[in-house]
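Participant: mmCIF, C-alpha atoms, saved as final_5.cif, coming up:
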```cif
data_start
loop_
_atom_site.label_atom_id
_atom_site.label_comp_id
_atom_site.auth_asym_id
_atom_site.auth_seq_id
_atom_site.Cartn_x
_atom_site.Cartn_y
_atom_site.Cartn_z
CA MET A 5 7.39 215.68 94.09
CA SER A 6 4.57 214.30 96.19
CA ARG A 7 4.90 211.32 98.50
CA PHE A 8 4.63 208.16 96.45
CA ASN A 9 2.96 206.04 99.10
CA ASP A 10 -0.04 208.39 98.91
CA PHE A 11 -2.71 207.60 96.35
CA HIS A 12 -2.33 209.40 93.00
CA SER A 13 -4.76 209.73 90.11
CA ALA A 14 -3.15 208.17 87.07
CA TYR A 15 -3.60 206.61 83.64
CA VAL A 16 -1.52 203.84 82.11
CA LEU A 17 0.27 205.03 78.97
CA HIS A 18 1.92 201.71 78.22
CA THR A 19 2.78 198.35 79.74
CA ARG A 20 5.57 195.97 78.89
CA LYS A 21 6.21 192.43 80.10
CA TYR A 22 8.80 192.36 82.84
CA ARG A 23 10.36 189.16 84.16
CA ASP A 24 8.02 186.15 84.38
CA THR A 25 4.85 187.55 85.87
CA SER A 26 5.35 191.30 86.26
CA LEU A 27 4.69 194.35 84.14
CA LEU A 28 6.73 197.48 83.62
CA VAL A 29 4.13 200.24 83.60
CA GLU A 30 4.49 203.74 82.16
CA LEU A 31 2.10 205.98 84.07
CA PHE A 32 0.83 209.49 83.57
CA SER A 33 -0.17 210.74 87.00
CA LYS A 34 -1.82 214.00 87.92
CA GLU A 35 0.53 214.83 90.77
CA ASP A 36 3.86 213.51 89.45
CA GLY A 37 3.58 213.50 85.67
CA ARG A 38 5.05 210.58 83.79
CA TYR A 39 6.98 207.87 85.60
CA SER A 40 7.60 204.11 85.47
CA LEU A 41 6.76 201.48 88.01
CA VAL A 42 6.94 197.72 88.32
CA ALA A 43 3.65 195.94 89.02
CA ARG A 44 4.76 192.65 90.53
CA GLY A 45 2.69 189.63 89.60
CA ALA A 46 0.47 191.75 87.33
CA ARG A 47 0.43 189.08 84.62
CA GLY A 48 -0.64 186.26 86.90
CA ASN A 49 -4.20 184.94 87.07
CA LYS A 50 -4.64 186.18 90.60
CA SER A 51 -3.28 189.66 89.93
CA LYS A 52 -4.70 192.39 92.12
CA PHE A 53 -3.80 195.03 89.54
CA ASN A 54 -6.11 196.23 86.79
CA LEU A 55 -3.85 197.89 84.26
CA GLN A 56 -5.91 198.58 81.18
CA LEU A 57 -5.16 201.62 79.03
CA PHE A 58 -7.66 204.51 79.20
CA SER A 59 -8.94 203.50 82.66
CA PRO A 60 -8.70 206.01 85.51
CA LEU A 61 -6.67 204.57 88.38
CA MET A 62 -5.59 205.38 91.92
CA VAL A 63 -1.99 204.32 92.40
CA SER A 64 0.30 204.12 95.39
CA SER A 65 3.88 203.01 95.07
CA PHE A 66 7.15 202.78 96.96
CA GLY A 67 10.86 202.86 96.20
CA LYS A 68 13.61 205.45 96.40
CA GLY A 69 14.94 205.25 92.85
CA GLU A 70 13.46 206.42 89.59
CA LEU A 71 11.70 203.09 89.04
CA LYS A 72 8.96 202.67 91.66
CA THR A 73 7.17 199.50 92.72
CA ALA A 74 3.38 199.44 92.81
CA SER A 75 1.82 198.70 96.17
CA VAL A 76 -1.85 199.31 95.35
CA ILE A 77 -3.51 200.05 92.02
CA GLU A 78 -7.25 200.55 92.14
CA SER A 79 -9.81 201.48 89.56
CA ASN A 80 -11.02 205.06 89.95
CA GLY A 81 -14.22 204.96 87.93
CA LEU A 82 -15.33 203.35 84.71
CA GLY A 83 -12.70 203.08 81.98
CA TYR A 84 -13.21 204.67 78.57
CA HIS A 85 -13.98 202.20 75.82
CA LEU A 86 -12.34 203.49 72.65
CA SER A 87 -12.95 201.75 69.37
CA GLY A 88 -12.10 202.02 65.69
CA LYS A 89 -10.17 205.08 64.56
CA ASN A 90 -10.69 206.76 67.94
CA LEU A 91 -8.70 203.92 69.52
CA PHE A 92 -5.80 204.70 67.17
CA ILE A 93 -6.07 208.37 68.21
CA GLY A 94 -5.92 207.25 71.86
CA LEU A 95 -2.76 205.23 71.16
CA TYR A 96 -1.28 208.21 69.32
CA VAL A 97 -1.94 210.52 72.28
CA ASN A 98 -0.39 207.98 74.67
CA GLU A 99 2.72 207.69 72.52
CA LEU A 100 2.90 211.47 72.24
CA LEU A 101 2.75 211.94 76.02
CA PHE A 102 5.21 209.09 76.57
CA ARG A 103 7.72 210.63 74.17
CA VAL A 104 7.46 214.33 75.05
CA LEU A 105 6.90 214.41 78.81
CA GLY A 106 9.95 214.32 81.05
CA LYS A 107 9.89 212.04 84.08
CA PHE A 108 8.35 213.43 87.29
CA ASP A 109 7.33 216.67 85.61
CA PRO A 110 3.78 217.32 86.85
CA PHE A 111 1.19 218.80 84.49
CA GLU A 112 -2.06 218.81 86.44
CA ASN A 113 -4.07 220.74 83.83
CA LEU A 114 -2.77 218.52 81.07
CA PHE A 115 -3.91 215.49 83.04
CA ASP A 116 -7.43 216.91 83.26
CA ARG A 117 -7.43 217.71 79.55
CA TYR A 118 -6.27 214.15 78.78
CA ASP A 119 -9.14 212.80 80.86
CA GLU A 120 -11.56 215.08 79.02
CA LEU A 121 -10.16 214.05 75.61
CA LEU A 122 -10.62 210.35 76.44
CA GLY A 123 -14.24 211.06 77.32
CA MET A 124 -14.74 212.65 73.90
CA LEU A 125 -12.88 209.85 72.10
CA GLN A 126 -15.42 207.42 73.46
CA LEU A 127 -18.09 209.01 71.28
CA ASP A 128 -18.54 208.05 67.62
CA SER A 129 -19.14 211.73 66.85
CA PHE A 130 -15.61 212.69 68.00
CA ASP A 131 -14.44 215.87 66.30
CA THR A 132 -10.69 215.93 65.52
CA SER A 133 -10.55 219.65 66.38
CA ALA A 134 -10.58 218.53 70.06
CA LEU A 135 -7.39 216.56 69.37
CA ARG A 136 -5.79 219.59 67.69
CA LEU A 137 -6.63 221.81 70.68
CA PHE A 138 -5.15 219.18 73.02
CA GLU A 139 -1.94 219.07 70.96
CA ILE A 140 -1.66 222.87 70.88
CA SER A 141 -2.15 223.12 74.64
CA LEU A 142 0.39 220.31 75.20
CA LEU A 143 2.94 222.22 73.13
CA ALA A 144 2.19 225.38 75.14
CA ASP A 145 2.69 223.47 78.41
CA LEU A 146 6.09 222.34 77.14
CA GLY A 147 7.13 225.90 76.29
CA TYR A 148 6.33 225.71 72.57
CA GLY A 149 3.20 227.89 72.64
CA ILE A 150 2.05 229.22 69.27
CA SER A 151 0.52 232.70 68.75
CA PHE A 152 -1.98 232.46 65.92
CA ASP A 153 -2.82 236.16 65.77
CA ILE A 154 0.65 237.78 65.65
CA GLU A 155 3.28 237.94 62.92
CA SER A 156 6.45 236.72 64.64
CA SER A 157 9.15 238.95 63.10
CA THR A 158 7.31 242.31 63.44
CA GLY A 159 4.81 241.62 66.24
CA ASP A 160 2.02 242.99 63.99
CA ALA A 161 -1.46 241.51 64.05
CA ILE A 162 -2.21 238.82 61.47
CA VAL A 163 -4.18 240.28 58.55
CA PRO A 164 -7.04 238.12 57.16
CA ASP A 165 -6.16 238.41 53.46
CA LYS A 166 -2.37 238.18 53.73
CA PHE A 167 -0.37 234.95 53.53
CA TYR A 168 1.94 233.49 56.18
CA CYS A 169 4.20 230.50 56.67
CA TYR A 170 4.91 228.67 59.92
CA VAL A 171 8.46 228.50 61.30
CA VAL A 172 8.96 226.10 64.20
CA GLU A 173 9.96 227.74 67.51
CA ASP A 174 9.33 231.13 65.94
CA GLY A 175 5.77 231.50 64.68
CA PHE A 176 4.02 232.86 61.58
CA ARG A 177 5.98 234.96 59.13
CA HIS A 178 4.47 237.10 56.44
CA LEU A 179 4.95 235.85 52.86
CA VAL A 180 5.08 238.58 50.23
CA SER A 181 4.15 236.33 47.31
CA GLY A 182 1.92 233.91 49.17
CA ASN A 183 -0.55 232.32 46.82
CA ASP A 184 2.01 230.37 44.79
CA ASN A 185 3.77 228.95 47.84
CA SER A 186 2.53 225.50 48.94
CA LYS A 187 3.33 226.30 52.59
CA ALA A 188 1.32 229.55 52.52
CA ILE A 189 -1.51 229.90 55.04
CA GLU A 190 -4.13 232.60 54.65
CA GLY A 191 -4.39 234.96 57.63
CA ARG A 192 -8.14 234.44 58.03
CA HIS A 193 -7.59 230.76 58.86
CA LEU A 194 -5.07 231.67 61.56
CA LEU A 195 -7.42 234.25 63.06
CA ALA A 196 -10.26 231.70 63.13
CA ILE A 197 -7.98 229.20 64.90
CA SER A 198 -6.92 231.84 67.44
CA GLN A 199 -10.61 232.21 68.33
CA GLY A 200 -11.00 228.46 68.75
CA MET A 201 -12.96 228.02 65.51
CA ILE A 202 -11.51 225.08 63.64
CA ASP A 203 -13.11 224.08 60.34
CA LEU A 204 -11.76 221.50 57.88
CA ASP A 205 -9.08 223.88 56.53
CA GLY A 206 -8.12 224.88 60.08
CA ASP A 207 -7.83 221.21 61.04
CA ARG A 208 -5.51 220.49 58.11
CA ILE A 209 -3.40 223.59 58.85
CA LEU A 210 -3.15 222.73 62.54
CA ARG A 211 -2.25 219.11 61.79
CA ASN A 212 0.73 220.26 59.70
CA ILE A 213 1.84 222.85 62.25
CA VAL A 214 1.58 220.44 65.18
CA ARG A 215 3.39 217.72 63.24
CA LYS A 216 6.29 220.07 62.45
CA SER A 217 6.55 221.23 66.07
CA ILE A 218 6.38 217.70 67.49
CA ASP A 219 8.94 216.40 64.98
CA GLN A 220 11.26 219.20 66.06
CA LEU A 221 10.60 218.41 69.72
CA LEU A 222 11.47 214.75 69.12
CA GLY A 223 14.62 215.57 67.17
CA GLY A 224 13.12 214.40 63.88
CA LYS A 225 12.25 210.92 65.17
CA ALA A 226 8.76 210.18 63.90
CA LEU A 227 5.94 208.90 66.09
CA ASN A 228 5.23 205.24 65.31
CA SER A 229 1.48 205.60 65.80
CA ARG A 230 1.25 207.79 62.69
CA LYS A 231 1.69 204.59 60.65
CA LEU A 232 -1.73 203.46 61.91
CA PHE A 233 -3.40 206.28 60.00
CA ALA A 234 -1.58 205.68 56.72
CA MET B 197 40.82 188.12 85.16
CA GLN B 198 39.59 185.97 82.30
CA GLU B 199 36.17 184.40 82.83
CA SER B 200 36.16 180.61 83.06
CA ILE B 201 34.00 178.59 80.69
CA ILE B 202 31.84 177.60 83.68
CA ASP B 203 31.07 181.24 84.42
CA GLU B 204 30.38 181.87 80.76
CA LEU B 205 27.96 178.94 80.64
CA LYS B 206 26.18 180.16 83.78
CA GLU B 207 25.77 183.56 82.16
CA ALA B 208 24.56 181.94 78.93
CA PHE B 209 21.79 180.01 80.76
CA ARG B 210 20.43 183.30 82.06
CA VAL B 211 19.00 184.18 78.64
CA LEU B 212 16.18 181.75 79.50
CA PRO B 213 13.07 183.26 81.08
CA GLY B 214 12.88 182.81 84.84
CA VAL B 215 16.50 181.71 85.15
CA GLY B 216 18.46 183.81 87.61
CA GLN B 217 21.99 183.43 88.91
CA LYS B 218 21.25 180.60 91.35
CA THR B 219 19.15 178.54 88.94
CA ALA B 220 21.76 178.96 86.19
CA GLN B 221 24.45 177.74 88.58
CA ARG B 222 22.38 174.71 89.56
CA MET B 223 21.78 173.81 85.91
CA VAL B 224 25.45 174.14 84.96
CA LEU B 225 26.66 172.09 87.94
CA HIS B 226 24.04 169.43 87.29
CA LEU B 227 25.17 169.00 83.69
CA LEU B 228 28.88 169.00 84.57
CA GLU B 229 28.63 166.74 87.60
CA ARG B 230 25.84 164.33 86.69
CA ASP B 231 24.77 164.45 83.08
CA ARG B 232 27.53 165.19 80.60
CA ARG B 233 25.74 163.29 77.82
CA GLY B 234 22.56 165.21 78.45
CA GLY B 235 24.55 168.44 78.31
CA MET B 236 26.14 167.50 74.96
CA HIS B 237 22.72 166.56 73.60
CA LEU B 238 21.20 169.84 74.84
CA GLY B 239 23.97 171.91 73.29
CA GLN B 240 23.68 170.09 69.99
CA LYS B 241 19.88 170.45 69.84
CA ILE B 242 20.00 174.14 70.69
CA LEU B 243 22.50 174.72 67.89
CA GLU B 244 20.44 172.70 65.42
CA ALA B 245 17.20 174.46 66.33
CA MET B 246 18.74 177.92 66.16
CA GLU B 247 20.16 177.15 62.74
CA ARG B 248 17.23 175.28 61.24
CA VAL B 249 14.06 176.85 62.62
CA GLY B 250 12.82 179.82 60.65
CA GLN B 251 9.38 181.16 59.79
CA CYS B 252 6.80 179.58 57.48
CA ARG B 253 6.48 181.57 54.27
CA MET B 254 2.68 181.28 54.38
CA CYS B 255 1.70 181.78 58.03
CA ARG B 256 4.86 183.18 59.68
CA ASN B 257 4.71 180.50 62.37
CA LEU B 258 7.99 178.93 63.51
CA SER B 259 8.89 176.17 61.10
CA GLU B 260 11.83 174.05 59.99
CA SER B 261 10.73 174.06 56.39
CA ASP B 262 9.80 176.81 53.98
CA ILE B 263 6.12 175.90 54.44
CA CYS B 264 4.99 174.52 57.82
CA ALA B 265 3.14 171.22 58.36
CA ILE B 266 -0.23 172.96 58.89
CA CYS B 267 -0.04 175.10 55.75
CA ASP B 268 1.20 172.06 53.78
CA ASN B 269 -1.64 169.81 54.95
CA ALA B 270 -4.20 169.31 52.17
CA GLN B 271 -6.73 167.93 54.70
CA ARG B 272 -7.07 171.32 56.36
CA ASP B 273 -9.55 173.98 55.28
CA HIS B 274 -7.45 176.50 53.35
CA SER B 275 -10.34 178.93 52.99
CA GLN B 276 -10.28 179.75 56.71
CA LEU B 277 -7.47 181.82 58.20
CA CYS B 278 -7.16 182.29 61.94
CA VAL B 279 -5.04 185.33 62.88
CA VAL B 280 -3.19 184.97 66.20
CA GLU B 281 -0.54 186.93 68.07
CA SER B 282 2.12 184.28 68.66
CA PRO B 283 3.09 180.62 68.03
CA VAL B 284 1.89 179.69 71.53
CA ASP B 285 -1.66 180.68 70.46
CA VAL B 286 -1.45 178.24 67.53
CA ILE B 287 -0.50 175.48 69.99
CA ALA B 288 -3.42 176.41 72.28
CA ILE B 289 -5.96 176.36 69.44
CA GLU B 290 -4.53 173.12 68.02
CA GLN B 291 -4.86 171.50 71.45
CA SER B 292 -8.53 172.49 71.57
CA ALA B 293 -9.02 170.30 68.44
CA SER B 294 -11.84 172.60 67.37
CA TYR B 295 -10.33 174.24 64.32
CA ARG B 296 -9.32 172.71 61.00
CA GLY B 297 -8.35 175.82 59.05
CA CYS B 298 -4.99 177.57 58.61
CA TYR B 299 -3.25 180.28 60.61
CA PHE B 300 -1.49 183.58 60.27
CA VAL B 301 0.87 184.49 63.11
CA LEU B 302 1.46 188.21 63.65
CA MET B 303 4.29 187.71 66.17
CA GLY B 304 2.94 190.52 68.34
CA ASN B 305 0.29 193.22 68.54
CA LEU B 306 0.21 196.80 67.33
CA SER B 307 2.14 198.74 69.95
CA PRO B 308 3.39 202.13 68.74
CA ILE B 309 5.45 202.86 71.88
CA ASP B 310 7.39 199.60 71.37
CA GLY B 311 7.88 200.45 67.70
CA ILE B 312 5.62 197.60 66.52
CA GLY B 313 3.58 198.83 63.58
CA PRO B 314 1.71 197.24 60.66
CA GLU B 315 4.95 196.47 58.83
CA GLU B 316 6.48 194.54 61.74
CA LEU B 317 3.32 192.42 62.00
CA GLY B 318 3.42 191.43 58.33
CA MET B 319 0.14 193.13 57.45
CA LYS B 320 1.13 193.28 53.79
CA SER B 321 1.65 189.53 53.56
CA LEU B 322 -1.67 189.00 55.38
CA ALA B 323 -3.43 191.16 52.77
CA ASP B 324 -1.62 189.30 49.95
CA ARG B 325 -2.64 185.97 51.46
CA CYS B 326 -6.28 187.06 51.67
CA GLU B 327 -6.33 187.81 47.97
CA SER B 328 -6.19 184.11 47.13
CA ASN B 329 -9.10 181.80 48.05
CA ILE B 330 -9.63 182.92 51.63
CA GLY B 331 -13.32 183.03 52.57
CA GLU B 332 -13.09 183.88 56.25
CA VAL B 333 -10.51 185.52 58.47
CA ILE B 334 -11.00 184.70 62.16
CA LEU B 335 -9.37 187.17 64.54
CA ALA B 336 -8.25 185.33 67.68
CA LEU B 337 -6.39 188.14 69.40
CA GLY B 338 -5.99 189.05 73.06
CA ALA B 339 -8.73 191.02 74.82
CA SER B 340 -6.42 193.98 75.44
CA VAL B 341 -6.49 197.50 74.00
CA GLU B 342 -3.57 196.57 71.71
CA GLY B 343 -5.45 193.43 70.57
CA GLU B 344 -8.49 195.57 69.85
CA ALA B 345 -6.38 198.05 67.84
CA THR B 346 -4.81 195.20 65.85
CA ALA B 347 -8.24 193.71 65.13
CA HIS B 348 -9.53 197.07 63.92
CA TYR B 349 -6.50 197.59 61.69
CA ILE B 350 -6.97 194.17 60.06
CA SER B 351 -10.70 194.67 59.54
CA GLU B 352 -10.00 198.00 57.82
CA LEU B 353 -7.21 196.46 55.76
CA LEU B 354 -9.47 193.69 54.47
CA LYS B 355 -12.58 195.83 54.04
CA SER B 356 -12.18 196.21 50.30
CA MET B 357 -11.71 192.45 49.76
CA SER B 358 -14.50 189.94 49.52
CA VAL B 359 -13.44 188.18 52.69
CA LYS B 360 -15.57 187.72 55.80
CA VAL B 361 -13.82 188.97 58.94
CA THR B 362 -15.00 187.46 62.25
CA ARG B 363 -13.70 187.55 65.78
CA ILE B 364 -13.76 184.87 68.48
CA ALA B 365 -16.39 185.37 71.19
CA ARG B 366 -15.54 186.70 74.63
CA GLY B 367 -17.34 185.87 77.83
CA ILE B 368 -17.75 183.55 80.77
CA PRO B 369 -15.21 180.71 81.10
CA ILE B 370 -16.51 177.13 81.37
CA GLY B 371 -17.20 176.31 85.02
CA GLY B 372 -17.10 180.01 85.88
CA GLU B 373 -19.59 181.72 88.15
CA LEU B 374 -21.05 185.07 87.20
CA GLU B 375 -20.29 186.74 90.52
CA TYR B 376 -16.54 186.27 90.00
CA VAL B 377 -16.46 187.55 86.43
CA ASP B 378 -15.28 191.16 86.05
CA GLY B 379 -17.74 193.82 84.88
CA ASN B 380 -16.19 194.41 81.44
CA THR B 381 -16.20 190.71 80.52
CA LEU B 382 -19.77 190.35 81.74
CA ALA B 383 -20.84 193.35 79.64
CA LEU B 384 -19.19 191.80 76.54
CA ALA B 385 -20.79 188.43 77.30
CA LEU B 386 -24.20 190.08 77.53
CA SER B 387 -23.79 192.07 74.33
CA GLY B 388 -22.57 188.96 72.46
CA ARG B 389 -25.45 186.70 73.62
CA LYS B 390 -26.86 184.02 71.31
CA PRO B 391 -30.42 182.72 70.87
CA LEU B 392 -30.92 179.18 72.23
#
```
Since I need it in another form, could you write the structure as structure tokens?

Facilitator:
Amino acid sequence: MSRFNDFHSAYVLHTRKYRDTSLLVELFSKEDGRYSLVARGARGNKSKFNLQLFSPLMVSSFGKGELKTASVIESNGLGYHLSGKNLFIGLYVNELLFRVLGKFDPFENLFDRYDELLGMLQLDSFDTSALRLFEISLLADLGYGISFDIESSTGDAIVPDKFYCYVVEDGFRHLVSGNDNSKAIEGRHLLAISQGMIDLDGDRILRNIVRKSIDQLLGGKALNSRKLFA
Amino acid sequence: MQESIIDELKEAFRVLPGVGQKTAQRMVLHLLERDRRGGMHLGQKILEAMERVGQCRMCRNLSESDICAICDNAQRDHSQLCVVESPVDVIAIEQSASYRGCYFVLMGNLSPIDGIGPEELGMKSLADRCESNIGEVILALGASVEGEATAHYISELLKSMSVKVTRIARGIPIGGELEYVDGNTLALALSGRKPL
């Protein structure tokens, strides 16, 4: 763990009112992962803290316990302005990180990928395959990496015209009678995904796979932000 | 040791925002030493309010009756619906004396991490309400990311209905000087400019 009174790059994942004028802030920082801090007086008119979501910040804090207290929070560049459906995706990603990341577990690469994803979400032309790749890499960081080109029980390579089904925490298993099974995925889609090529079918397949893995990770407790897309 | 009623009352006062141990003690001692009648009155009114105040069936604002005074007022414009986050926003807009329509109180903003979704905000009853004689829905929500998300959700929800959805303007406060206004607000004020 780095020294907290140093400045850290961070994003706000969530804020909650705390006492009369303060905020309880859930941060995702590059050096220390996710942690909570109290920003005293952050709700007052003369607050020195700028705590908008999706804005890069430099944060220094103090305190010996798990809950830190903010000493300085400064803007570290222009914030990303997300709108419409992309804003919902941003809220979904924040909830996802909030729920799956353990406290003070640093994921520097993940932080950079989050920053990159926000940049893409700012564009109207955002392609959801970028979100899928972010989710897959997040799962891999957490030890739930998925091999898209290997059959999990035999270790054989995935064959384009065979059918497979996804088993959480295991991988893709060959299905003998594939085409009449609703969970069947054709090998060619998996091979395309493994090469980073995600078309509409790949996006749908990945969405289901990621959802299953995340649900498992969260012990079956669904993410609330999914209701926004219903 | 069993807690005395005085200790219990001190603890009870601490449910109020901004009331810590010392303040609670001062309040309790004041009522017991100097204003017993005031204390009885306070207790009685709290009980009455907790029992009688519910939510208006039409706008979800706090109300003693099934339909609140604003929704029940025939003089108001029932074709305009102003969507706000909380009852305190209704009070603020009413004090501005600039609006004669009706309200819909969400009692919060979309906030997935807090478990507040469309259902908790009564989006279904808002959609039902908009099906009957509503011409314009005015979104008067906070200028936060959650407020923005809520506004987007409502505009999508009402897209298929023949109802105009507008949003209150954002910009420079009265008496404000440009140099003290933050960059984001200034950018919004510029993009939302009006011809003179």

Participant: Just say which residues the PyMOL selection byres ((chain B and resi 333) around 8) picks in this file, as number ranges by chain.

Facilitator: B: 276-279, 330-332, 334-335, 359-362

Participant: Name the residues that the PyMOL selection byres ((chain B) within 7 of (chain A)) picks from the file above, as a list in words, using the file's chain letters and numbers.

Facilitator: Pro213, Gly214, Pro308, Ile309, Gly311, Gly313, Val341, Ala345 and His348 of chain B

Participant: Selected by the PyMOL selection byres ((chain A and resi 148) around 10) in the shown coordinates: which residues, as a list in words?

Facilitator: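 Taken on the displayed file, the PyMOL selection byres ((chain A and resi 148) around 10) yields the residues Ile140, Ser141, Leu142, Leu143, Ala144, Asp145, Leu146, Gly147, Gly149, Ile150, Ser151, Val172, Glu173, Asp174, Gly175, Ser217, Ile218 and Leu221 of chain A.
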
Participant: Take atom CA of A:Val16 and atom CA of A:Phe32 and report the distance between them in Å, one decimal.

Facilitator: 6.3 Å

Participant: For atom CA of B:Asp203 and atom CA of B:Ala220, determine how far apart the two atoms are, in Å to one decimal place.

Facilitator: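 If I compute the distance from atom CA of B:Asp203 to atom CA of B:Ala220, I get 9.7 Å.
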